[in-house]
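Notes for the one structure printed next.
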Amino acid sequence: MSRRLVTLAVALALVLLAVAPTLAQDDLSGQLEIFSWWAGDEGPALEALIAEYNTLHPNVEVNNATVTGGSGVNAKAVLKTRMLGGDAPDSFQVHAGQELIGTWVVADRMEDLTFLFEQEGWMDTFPQGLLDLISTDEGIWSVPVNIHRSNVMWYIPDKLTEWGVEVPTTWDDFLAICPTLQDQGITPLSVGENWTMIHLWESVAVSQLGTDGWNALWAGEKSFLDDDVVATWDLFGQILDCSNADEDAATLSWQQATDKVVNGEAAFNVMGDWAAGYMMTTLGLEPETGFGWVASPGTEGTFIMLSDSFGLPIGAPDRDNAIAWLQLLGSKEGQDIFNPLKGSIAARLDSDLSLYSVYSQSAAADWQSNTIVGSLQHGAVANESFMGEFPTVMELFLGARNSQAAANASQVVCIQARICQG
Ligand code: GAL
């Protein structure tokens, strides 16, 4: 072979090597089962991402396996049965933080994804605080697709004008306008099933304990028996007196609680910003004119965060297809397809904000400037043991409205979960 031919052959080989990973990906085939609770009204963002996966990997048949129920209350139970029964899906939704680490990582059920983060150049793409939530000294355990904000209060601007009330910035303001609304037959605050109560309680607790107090609680440095924590239950009870808690709440999903605000039956609702996704994507409302938002009372300047992520269980039947799914999920393109529809912002630092709504743009600005704490209901701060029992504490409170009893029970649950000192 002439020298020129050898040079050509070497150049060709180098080109082939460079495109090999892409070709390999297009060679994927078979199945991919993605397990989550993003069904029905919650589905459009996930479905858009799966459509993109189908375009990239047309020979893979995706099984979008969902178990309905906000905050994963039903899906997590099904997932547990499957994982313990040796029937792991290829990839599943799990909140960054203790829900991931304290459940699946400690049980040694997840693959370390450090290789993927290094390969994709993700070590500098995600905020360090978020990487900390999905990592242990042994590895990185999931790929975050978004950042949601928990402490948001939603309302319909025109309705507030009609009823003659202002948006409350403190719970005292809220309690002050409560009779004005009730006198007009309006429920001041809509609430839903048990987990939405815990969701509300976390916003109330952060408003009363401050970010340091909240963090101290989950670091085991503060007791649930402290006076200020007991007082959060007192305030929570007063707020519930201005809600539908004793009427239909237990039967309502979070979407139905949001609907009450949209329909003009209720003035406010405290819910994560998936409610923005629901109002924009499903109900077709415009942010600012169609619906308004504010940090939940007493939490201005604080961003209670949570992050949805997906991991790779050990023994995933279609590992290569699952890795391609995680690659898409963590990519700029994937995050900018998913999040504008979901009401969340990208977990990555480099997303194209021009693709997002004014609501999400404001959340992105707050994410940069606010004090960040982790959500309780959505897996960031407390382990599975605590989260398994706290709904019973909430039920106890909803029935008896006894703050001291709720505080005592919380402390027992906290000790059992090995968060609080015994
Ligand atoms: C959260 C989850 C959100 C949204 C919400 C309501 O736990 O992080 O993405 O799905 O539940 O179901």
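Residue numbers start at 1 in each chain; chains themselves are named A, B, ... in the order of the structure tokens; ligands are numbered from 1 in the order shown.
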
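Excluding A:Val143 and any residue on its chain fewer than 3 positions from it, the residues at most 10 Å away by only C-alpha atoms are Gln93, Val94, Ala96, Leu113, Leu116, Phe117, Trp122, Phe126, Leu131, Ile134, Ile140, Asn146, Ser307, Asp308, Ser309, Phe310, Gly311, Leu312, Leu326, Gln327, Leu328, Leu329, Gly330, Ser331 and Ala347 of chain A.
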
Same residues, C-alpha atoms, output as a PDB file, in the first residue's frame:
```
ATOM      1  CA  GLN A  93     -38.574   7.915  38.848  1.00  0.00           C
ATOM      2  CA  VAL A  94     -37.181   8.730  42.264  1.00  0.00           C
ATOM      3  CA  ALA A  96     -33.161  13.249  44.600  1.00  0.00           C
ATOM      4  CA  LEU A 113     -23.663   6.256  37.307  1.00  0.00           C
ATOM      5  CA  LEU A 116     -22.115   8.300  32.674  1.00  0.00           C
ATOM      6  CA  PHE A 117     -21.619  11.668  34.377  1.00  0.00           C
ATOM      7  CA  TRP A 122     -22.079  16.314  33.541  1.00  0.00           C
ATOM      8  CA  PHE A 126     -25.450  20.281  37.389  1.00  0.00           C
ATOM      9  CA  LEU A 131     -24.964  16.483  42.818  1.00  0.00           C
ATOM     10  CA  ILE A 134     -27.758  12.208  44.423  1.00  0.00           C
ATOM     11  CA  ILE A 140     -23.601   9.025  41.821  1.00  0.00           C
ATOM     12  CA  ASN A 146     -35.682  18.906  36.788  1.00  0.00           C
ATOM     13  CA  SER A 307     -35.825  17.130  41.979  1.00  0.00           C
ATOM     14  CA  ASP A 308     -37.229  14.274  39.951  1.00  0.00           C
ATOM     15  CA  SER A 309     -34.558  11.897  38.820  1.00  0.00           C
ATOM     16  CA  PHE A 310     -34.265   8.500  37.191  1.00  0.00           C
ATOM     17  CA  GLY A 311     -31.873   5.758  38.141  1.00  0.00           C
ATOM     18  CA  LEU A 312     -30.601   2.467  36.794  1.00  0.00           C
ATOM     19  CA  LEU A 326     -30.616   8.495  31.001  1.00  0.00           C
ATOM     20  CA  GLN A 327     -28.387  10.178  28.413  1.00  0.00           C
ATOM     21  CA  LEU A 328     -31.419  11.903  26.900  1.00  0.00           C
ATOM     22  CA  LEU A 329     -32.844  12.806  30.297  1.00  0.00           C
ATOM     23  CA  GLY A 330     -29.640  14.520  31.366  1.00  0.00           C
ATOM     24  CA  SER A 331     -29.028  16.281  28.053  1.00  0.00           C
ATOM     25  CA  ALA A 347     -31.658  20.745  36.613  1.00  0.00           C
TER      26      ALA A 347
END
```

Could you list, as a VMD selection string, every residue within 6 Å of stretch 216-227 of chain A, counting only C-alpha atoms and ignoring same-chain residues fewer than 5 positions away? chain A and resid 407 411 419 to 420

Quick one: write out the picked residues with C-alpha atoms as a JSON list (two decimals), in the first residue's frame?
```json
[["chain", "number", "residue", "atom", "x", "y", "z"],
["A", 407, "ALA", "CA", -45.58, 16.78, 67.96],
["A", 411, "GLN", "CA", -40.80, 12.85, 67.54],
["A", 419, "ILE", "CA", -33.09, 11.13, 62.28],
["A", 420, "CYS", "CA", -33.71, 12.45, 65.82]]
```

Would you mind listing the residues within 9 Å of ligand 1, counting only C-alpha atoms and all ligand atoms, as JSON, numbers by chain? {"A": [36, 37, 38, 39, 42, 43, 68, 69, 70, 71, 72, 73, 93, 94, 95, 146, 147, 148, 150, 254, 255, 271, 272, 273, 274, 275, 306, 307, 308, 309, 342, 343, 344, 377, 378, 379]}

Put those residues in a file: N, CA and C atoms, as an mmCIF file, in the first residue's frame.
```cif
data_model
loop_
_atom_site.group_PDB
_atom_site.id
_atom_site.type_symbol
_atom_site.label_atom_id
_atom_site.label_comp_id
_atom_site.auth_asym_id
_atom_site.auth_seq_id
_atom_site.Cartn_x
_atom_site.Cartn_y
_atom_site.Cartn_z
ATOM 1 N N SER A 36 -42.922 5.373 36.343
ATOM 2 C CA SER A 36 -43.103 6.662 37.014
ATOM 3 C C SER A 36 -44.555 6.835 37.446
ATOM 4 N N TRP A 37 -44.862 7.980 38.066
ATOM 5 C CA TRP A 37 -46.256 8.284 38.408
ATOM 6 C C TRP A 37 -46.801 9.422 37.539
ATOM 7 N N TRP A 38 -46.134 9.662 36.415
ATOM 8 C CA TRP A 38 -46.591 10.742 35.542
ATOM 9 C C TRP A 38 -47.616 10.223 34.538
ATOM 10 N N ALA A 39 -48.806 10.004 35.028
ATOM 11 C CA ALA A 39 -49.896 9.471 34.201
ATOM 12 C C ALA A 39 -50.913 10.576 33.928
ATOM 13 N N GLU A 42 -50.687 14.393 34.267
ATOM 14 C CA GLU A 42 -49.282 14.655 34.583
ATOM 15 C C GLU A 42 -48.361 14.149 33.493
ATOM 16 N N GLY A 43 -48.939 13.580 32.449
ATOM 17 C CA GLY A 43 -48.144 12.851 31.475
ATOM 18 C C GLY A 43 -47.450 13.620 30.353
ATOM 19 N N THR A 68 -50.791 5.828 38.626
ATOM 20 C CA THR A 68 -51.350 7.144 38.962
ATOM 21 C C THR A 68 -51.288 7.421 40.457
ATOM 22 N N GLY A 69 -51.190 8.697 40.793
ATOM 23 C CA GLY A 69 -51.220 9.103 42.202
ATOM 24 C C GLY A 69 -50.140 10.120 42.467
ATOM 25 N N GLY A 70 -50.583 11.351 42.808
ATOM 26 C CA GLY A 70 -49.654 12.456 43.019
ATOM 27 C C GLY A 70 -48.566 12.109 44.027
ATOM 28 N N SER A 71 -47.400 12.697 43.794
ATOM 29 C CA SER A 71 -46.241 12.542 44.668
ATOM 30 C C SER A 71 -45.774 11.083 44.757
ATOM 31 N N GLY A 72 -46.285 10.261 43.867
ATOM 32 C CA GLY A 72 -45.823 8.877 43.828
ATOM 33 C C GLY A 72 -46.341 7.998 44.955
ATOM 34 N N VAL A 73 -47.409 8.447 45.626
ATOM 35 C CA VAL A 73 -47.862 7.683 46.792
ATOM 36 C C VAL A 73 -48.203 6.229 46.432
ATOM 37 N N GLN A 93 -38.541 6.563 38.275
ATOM 38 C CA GLN A 93 -38.574 7.915 38.848
ATOM 39 C C GLN A 93 -38.310 7.829 40.347
ATOM 40 N N VAL A 94 -37.460 8.691 40.825
ATOM 41 C CA VAL A 94 -37.181 8.730 42.264
ATOM 42 C C VAL A 94 -36.710 10.147 42.595
ATOM 43 N N HIS A 95 -37.142 10.669 43.747
ATOM 44 C CA HIS A 95 -36.704 12.020 44.114
ATOM 45 C C HIS A 95 -35.240 12.015 44.555
ATOM 46 N N ASN A 146 -35.078 17.593 36.551
ATOM 47 C CA ASN A 146 -35.682 18.906 36.788
ATOM 48 C C ASN A 146 -35.453 19.418 38.198
ATOM 49 N N ILE A 147 -35.902 20.652 38.403
ATOM 50 C CA ILE A 147 -36.017 21.234 39.742
ATOM 51 C C ILE A 147 -37.446 21.743 39.846
ATOM 52 N N HIS A 148 -38.170 21.259 40.841
ATOM 53 C CA HIS A 148 -39.503 21.781 41.130
ATOM 54 C C HIS A 148 -39.435 22.606 42.407
ATOM 55 N N SER A 150 -41.602 23.667 45.728
ATOM 56 C CA SER A 150 -42.749 23.204 46.524
ATOM 57 C C SER A 150 -43.565 24.369 47.089
ATOM 58 N N TRP A 254 -54.407 16.286 43.836
ATOM 59 C CA TRP A 254 -53.881 17.655 43.804
ATOM 60 C C TRP A 254 -54.480 18.426 42.635
ATOM 61 N N GLN A 255 -54.753 17.727 41.524
ATOM 62 C CA GLN A 255 -55.345 18.439 40.380
ATOM 63 C C GLN A 255 -56.736 18.953 40.741
ATOM 64 N N MET A 271 -49.201 24.501 46.335
ATOM 65 C CA MET A 271 -48.813 23.265 45.637
ATOM 66 C C MET A 271 -47.501 23.517 44.894
ATOM 67 N N GLY A 272 -46.804 22.442 44.578
ATOM 68 C CA GLY A 272 -45.572 22.582 43.816
ATOM 69 C C GLY A 272 -45.851 23.091 42.418
ATOM 70 N N ASP A 273 -44.791 23.463 41.718
ATOM 71 C CA ASP A 273 -45.051 24.137 40.441
ATOM 72 C C ASP A 273 -45.384 23.189 39.292
ATOM 73 N N TRP A 274 -45.604 21.889 39.602
ATOM 74 C CA TRP A 274 -46.284 21.043 38.618
ATOM 75 C C TRP A 274 -47.703 21.576 38.401
ATOM 76 N N ALA A 275 -48.220 22.347 39.381
ATOM 77 C CA ALA A 275 -49.538 22.980 39.187
ATOM 78 C C ALA A 275 -49.477 23.996 38.042
ATOM 79 N N LEU A 306 -37.210 20.348 45.151
ATOM 80 C CA LEU A 306 -37.175 18.902 44.999
ATOM 81 C C LEU A 306 -36.770 18.639 43.564
ATOM 82 N N SER A 307 -36.270 17.454 43.328
ATOM 83 C CA SER A 307 -35.825 17.130 41.979
ATOM 84 C C SER A 307 -36.262 15.716 41.626
ATOM 85 N N ASP A 308 -36.895 15.594 40.474
ATOM 86 C CA ASP A 308 -37.229 14.274 39.951
ATOM 87 C C ASP A 308 -36.005 13.735 39.227
ATOM 88 N N SER A 309 -35.697 12.491 39.507
ATOM 89 C CA SER A 309 -34.558 11.897 38.820
ATOM 90 C C SER A 309 -34.906 10.466 38.430
ATOM 91 N N LYS A 342 -43.635 20.800 31.952
ATOM 92 C CA LYS A 342 -43.857 20.240 33.288
ATOM 93 C C LYS A 342 -44.062 21.314 34.357
ATOM 94 N N GLY A 343 -43.641 22.550 34.064
ATOM 95 C CA GLY A 343 -43.736 23.603 35.077
ATOM 96 C C GLY A 343 -42.491 23.691 35.937
ATOM 97 N N SER A 344 -41.557 22.788 35.707
ATOM 98 C CA SER A 344 -40.289 22.806 36.451
ATOM 99 C C SER A 344 -39.238 23.536 35.626
ATOM 100 N N GLN A 377 -42.115 16.335 51.771
ATOM 101 C CA GLN A 377 -43.058 15.445 51.092
ATOM 102 C C GLN A 377 -42.449 14.831 49.829
ATOM 103 N N HIS A 378 -41.540 15.554 49.200
ATOM 104 C CA HIS A 378 -41.037 15.089 47.911
ATOM 105 C C HIS A 378 -39.578 14.616 47.993
ATOM 106 N N GLY A 379 -39.322 13.903 49.088
ATOM 107 C CA GLY A 379 -38.156 13.028 49.129
ATOM 108 C C GLY A 379 -36.790 13.599 49.421
#
```

Would you please give, as a PyMOL selection string, all residues of stretch 14-113 of chain A that DSSP assigns to alpha helix (DSSP H) based on the backbone? chain A and resi 14-26+44-56+75-84+98-99

Write to file, as a short mmCIF file (atom, residue, chain, number, x, y, z; two decimals), in the first residue's frame, the residues of the selection just made, with C-alpha atoms.
```cif
data_model
loop_
_atom_site.label_atom_id
_atom_site.label_comp_id
_atom_site.auth_asym_id
_atom_site.auth_seq_id
_atom_site.Cartn_x
_atom_site.Cartn_y
_atom_site.Cartn_z
CA LEU A 14 -10.18 7.64 12.97
CA VAL A 15 -13.40 9.04 11.52
CA LEU A 16 -15.16 5.71 12.07
CA LEU A 17 -13.93 5.59 15.65
CA ALA A 18 -15.28 9.10 16.26
CA VAL A 19 -18.77 8.28 15.00
CA ALA A 20 -18.87 4.81 16.53
CA PRO A 21 -20.74 5.77 19.72
CA THR A 22 -23.48 7.44 17.66
CA LEU A 23 -23.78 4.45 15.37
CA ALA A 24 -23.86 2.12 18.35
CA GLN A 25 -26.77 4.09 19.84
CA ASP A 26 -28.79 3.90 16.66
CA PRO A 44 -47.46 15.36 28.66
CA ALA A 45 -43.87 16.27 29.58
CA LEU A 46 -42.80 12.64 29.95
CA GLU A 47 -44.61 11.71 26.75
CA ALA A 48 -42.73 14.44 24.85
CA LEU A 49 -39.44 13.09 26.13
CA ILE A 50 -40.39 9.56 25.14
CA ALA A 51 -41.33 10.81 21.66
CA GLU A 52 -37.81 12.22 21.38
CA TYR A 53 -36.35 8.89 22.53
CA ASN A 54 -38.41 7.13 19.86
CA THR A 55 -36.97 9.46 17.24
CA LEU A 56 -33.42 8.84 18.41
CA ALA A 75 -46.18 4.17 42.46
CA LYS A 76 -43.62 3.92 45.25
CA ALA A 77 -45.49 1.03 46.86
CA VAL A 78 -45.73 -0.84 43.55
CA LEU A 79 -42.06 -0.17 42.83
CA LYS A 80 -41.07 -1.58 46.20
CA THR A 81 -42.98 -4.81 45.58
CA ARG A 82 -41.40 -5.16 42.15
CA MET A 83 -37.87 -4.43 43.31
CA LEU A 84 -38.13 -6.85 46.22
CA GLN A 98 -33.17 10.71 50.96
CA GLU A 99 -35.84 8.97 48.87
#
```

Atom CA of A:Ser410 and atom CA of A:Phe390, how far apart in Å?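 A separation of 6.9 Å between them.
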
Given only C-alpha atoms as the counted atoms, nearest of A:Asn215, A:Thr170, A:Asn64, A:Thr302 to A:Ile34: A:Asn64

I want to know what sits within 9 Å of stretch 175-177 of chain A, based on only C-alpha atoms, with residues of the same chain fewer than 4 positions away left out; could you give that as a PDB file with all heavy atoms, in the first residue's frame?
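And here's selection09.pdb as it stands now:
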```
ATOM      1  N   VAL A 165     -59.964  40.907  47.779  1.00  0.00           N
ATOM      2  CA  VAL A 165     -58.850  40.535  48.675  1.00  0.00           C
ATOM      3  C   VAL A 165     -57.508  40.651  47.950  1.00  0.00           C
ATOM      4  O   VAL A 165     -57.435  40.560  46.727  1.00  0.00           O
ATOM      5  CB  VAL A 165     -59.010  39.103  49.243  1.00  0.00           C
ATOM      6  CG1 VAL A 165     -60.233  38.992  50.145  1.00  0.00           C
ATOM      7  CG2 VAL A 165     -59.059  38.056  48.128  1.00  0.00           C
ATOM      8  N   GLU A 166     -56.465  40.862  48.755  1.00  0.00           N
ATOM      9  CA  GLU A 166     -55.100  40.948  48.224  1.00  0.00           C
ATOM     10  C   GLU A 166     -54.399  39.610  48.439  1.00  0.00           C
ATOM     11  O   GLU A 166     -54.802  38.830  49.305  1.00  0.00           O
ATOM     12  CB  GLU A 166     -54.312  42.003  49.016  1.00  0.00           C
ATOM     13  CG  GLU A 166     -54.928  43.394  49.031  1.00  0.00           C
ATOM     14  CD  GLU A 166     -54.510  44.193  47.810  1.00  0.00           C
ATOM     15  OE1 GLU A 166     -53.334  44.049  47.413  1.00  0.00           O
ATOM     16  OE2 GLU A 166     -55.356  44.922  47.265  1.00  0.00           O
ATOM     17  N   PRO A 168     -51.987  37.317  50.138  1.00  0.00           N
ATOM     18  CA  PRO A 168     -51.333  37.403  51.451  1.00  0.00           C
ATOM     19  C   PRO A 168     -49.843  37.084  51.364  1.00  0.00           C
ATOM     20  O   PRO A 168     -49.452  36.169  50.637  1.00  0.00           O
ATOM     21  CB  PRO A 168     -52.055  36.331  52.265  1.00  0.00           C
ATOM     22  CG  PRO A 168     -52.563  35.349  51.257  1.00  0.00           C
ATOM     23  CD  PRO A 168     -52.808  36.104  49.985  1.00  0.00           C
ATOM     24  N   THR A 170     -48.080  36.859  54.399  1.00  0.00           N
ATOM     25  CA  THR A 170     -47.813  36.117  55.643  1.00  0.00           C
ATOM     26  C   THR A 170     -49.068  35.307  55.971  1.00  0.00           C
ATOM     27  O   THR A 170     -50.156  35.603  55.454  1.00  0.00           O
ATOM     28  CB  THR A 170     -47.541  37.065  56.822  1.00  0.00           C
ATOM     29  OG1 THR A 170     -48.754  37.795  57.081  1.00  0.00           O
ATOM     30  CG2 THR A 170     -46.416  38.050  56.518  1.00  0.00           C
ATOM     31  N   TRP A 171     -48.914  34.328  56.863  1.00  0.00           N
ATOM     32  CA  TRP A 171     -50.100  33.556  57.254  1.00  0.00           C
ATOM     33  C   TRP A 171     -51.059  34.424  58.062  1.00  0.00           C
ATOM     34  O   TRP A 171     -52.277  34.221  58.023  1.00  0.00           O
ATOM     35  CB  TRP A 171     -49.708  32.285  58.005  1.00  0.00           C
ATOM     36  CG  TRP A 171     -49.172  31.233  57.062  1.00  0.00           C
ATOM     37  CD1 TRP A 171     -47.901  30.744  57.018  1.00  0.00           C
ATOM     38  CD2 TRP A 171     -49.907  30.569  56.005  1.00  0.00           C
ATOM     39  NE1 TRP A 171     -47.798  29.810  55.991  1.00  0.00           N
ATOM     40  CE2 TRP A 171     -48.999  29.680  55.367  1.00  0.00           C
ATOM     41  CE3 TRP A 171     -51.221  30.633  55.531  1.00  0.00           C
ATOM     42  CZ2 TRP A 171     -49.378  28.868  54.292  1.00  0.00           C
ATOM     43  CZ3 TRP A 171     -51.592  29.815  54.458  1.00  0.00           C
ATOM     44  CH2 TRP A 171     -50.684  28.949  53.852  1.00  0.00           C
ATOM     45  N   LEU A 181     -63.514  35.994  52.694  1.00  0.00           N
ATOM     46  CA  LEU A 181     -63.792  35.016  51.642  1.00  0.00           C
ATOM     47  C   LEU A 181     -64.918  34.078  52.056  1.00  0.00           C
ATOM     48  O   LEU A 181     -65.840  33.816  51.275  1.00  0.00           O
ATOM     49  CB  LEU A 181     -62.509  34.230  51.327  1.00  0.00           C
ATOM     50  CG  LEU A 181     -61.430  35.048  50.619  1.00  0.00           C
ATOM     51  CD1 LEU A 181     -60.052  34.398  50.746  1.00  0.00           C
ATOM     52  CD2 LEU A 181     -61.787  35.242  49.140  1.00  0.00           C
ATOM     53  N   GLN A 182     -64.832  33.604  53.293  1.00  0.00           N
ATOM     54  CA  GLN A 182     -65.875  32.657  53.753  1.00  0.00           C
ATOM     55  C   GLN A 182     -67.264  33.298  53.712  1.00  0.00           C
ATOM     56  O   GLN A 182     -68.236  32.645  53.347  1.00  0.00           O
ATOM     57  CB  GLN A 182     -65.544  32.149  55.162  1.00  0.00           C
ATOM     58  CG  GLN A 182     -64.420  31.109  55.138  1.00  0.00           C
ATOM     59  CD  GLN A 182     -64.001  30.634  56.519  1.00  0.00           C
ATOM     60  OE1 GLN A 182     -64.049  31.402  57.487  1.00  0.00           O
ATOM     61  NE2 GLN A 182     -63.567  29.381  56.614  1.00  0.00           N
ATOM     62  N   PRO A 188     -61.255  29.718  51.427  1.00  0.00           N
ATOM     63  CA  PRO A 188     -60.008  30.503  51.296  1.00  0.00           C
ATOM     64  C   PRO A 188     -58.832  29.682  50.746  1.00  0.00           C
ATOM     65  O   PRO A 188     -58.088  30.163  49.908  1.00  0.00           O
ATOM     66  CB  PRO A 188     -59.749  30.976  52.728  1.00  0.00           C
ATOM     67  CG  PRO A 188     -61.130  31.013  53.349  1.00  0.00           C
ATOM     68  CD  PRO A 188     -61.853  29.839  52.770  1.00  0.00           C
ATOM     69  N   GLN A 238     -55.180  26.401  62.379  1.00  0.00           N
ATOM     70  CA  GLN A 238     -55.936  27.626  62.061  1.00  0.00           C
ATOM     71  C   GLN A 238     -56.110  27.778  60.553  1.00  0.00           C
ATOM     72  O   GLN A 238     -57.165  28.197  60.068  1.00  0.00           O
ATOM     73  CB  GLN A 238     -55.197  28.858  62.599  1.00  0.00           C
ATOM     74  CG  GLN A 238     -55.207  28.991  64.106  1.00  0.00           C
ATOM     75  CD  GLN A 238     -54.356  30.194  64.512  1.00  0.00           C
ATOM     76  OE1 GLN A 238     -53.125  30.138  64.504  1.00  0.00           O
ATOM     77  NE2 GLN A 238     -55.018  31.295  64.837  1.00  0.00           N
ATOM     78  N   ILE A 239     -55.054  27.421  59.821  1.00  0.00           N
ATOM     79  CA  ILE A 239     -55.129  27.510  58.351  1.00  0.00           C
ATOM     80  C   ILE A 239     -56.168  26.510  57.824  1.00  0.00           C
ATOM     81  O   ILE A 239     -56.972  26.846  56.948  1.00  0.00           O
ATOM     82  CB  ILE A 239     -53.730  27.256  57.729  1.00  0.00           C
ATOM     83  CG1 ILE A 239     -52.768  28.368  58.136  1.00  0.00           C
ATOM     84  CG2 ILE A 239     -53.824  27.150  56.209  1.00  0.00           C
ATOM     85  CD1 ILE A 239     -51.294  28.057  57.888  1.00  0.00           C
ATOM     86  N   CYS A 242     -59.647  27.414  57.588  1.00  0.00           N
ATOM     87  CA  CYS A 242     -59.991  28.255  56.434  1.00  0.00           C
ATOM     88  C   CYS A 242     -59.922  27.441  55.139  1.00  0.00           C
ATOM     89  O   CYS A 242     -59.650  27.994  54.059  1.00  0.00           O
ATOM     90  CB  CYS A 242     -59.024  29.427  56.344  1.00  0.00           C
ATOM     91  SG  CYS A 242     -59.156  30.565  57.721  1.00  0.00           S
TER      92      CYS A 242
END
```

Identify, on the basis of only C-alpha atoms, every residue whose closest approach to A:Gln256 does not exceed 10 Å; exclude the query and any residue fewer than 4 positions from it along the same chain; express the result as an MDAnalysis selection string. chainID A and resid 190:193 249 251:252 260:262

Any chance you could export the current selection's C-alpha atoms as a JSON list (two decimals), in the first residue's frame?
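Contents of again-v6.json, as written:
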```json
[["chain", "number", "residue", "atom", "x", "y", "z"],
["A", 190, "SER", "CA", -58.14, 24.37, 48.89],
["A", 191, "VAL", "CA", -56.47, 21.20, 50.10],
["A", 192, "GLY", "CA", -56.63, 17.59, 48.96],
["A", 193, "GLU", "CA", -55.66, 14.08, 50.08],
["A", 249, "ALA", "CA", -60.35, 17.18, 50.98],
["A", 251, "THR", "CA", -61.16, 12.54, 48.30],
["A", 252, "LEU", "CA", -59.36, 15.12, 46.16],
["A", 260, "LYS", "CA", -61.20, 24.45, 42.89],
["A", 261, "VAL", "CA", -59.08, 27.57, 42.49],
["A", 262, "VAL", "CA", -59.45, 27.61, 38.71]]
```

Looking at only C-alpha atoms, which of A:Val270, A:Ala365, A:Asn263, A:Trp325 is the one that sits closest to A:Asp158?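 Answer, going by the shortest atom-to-atom distance: A:Asn263.
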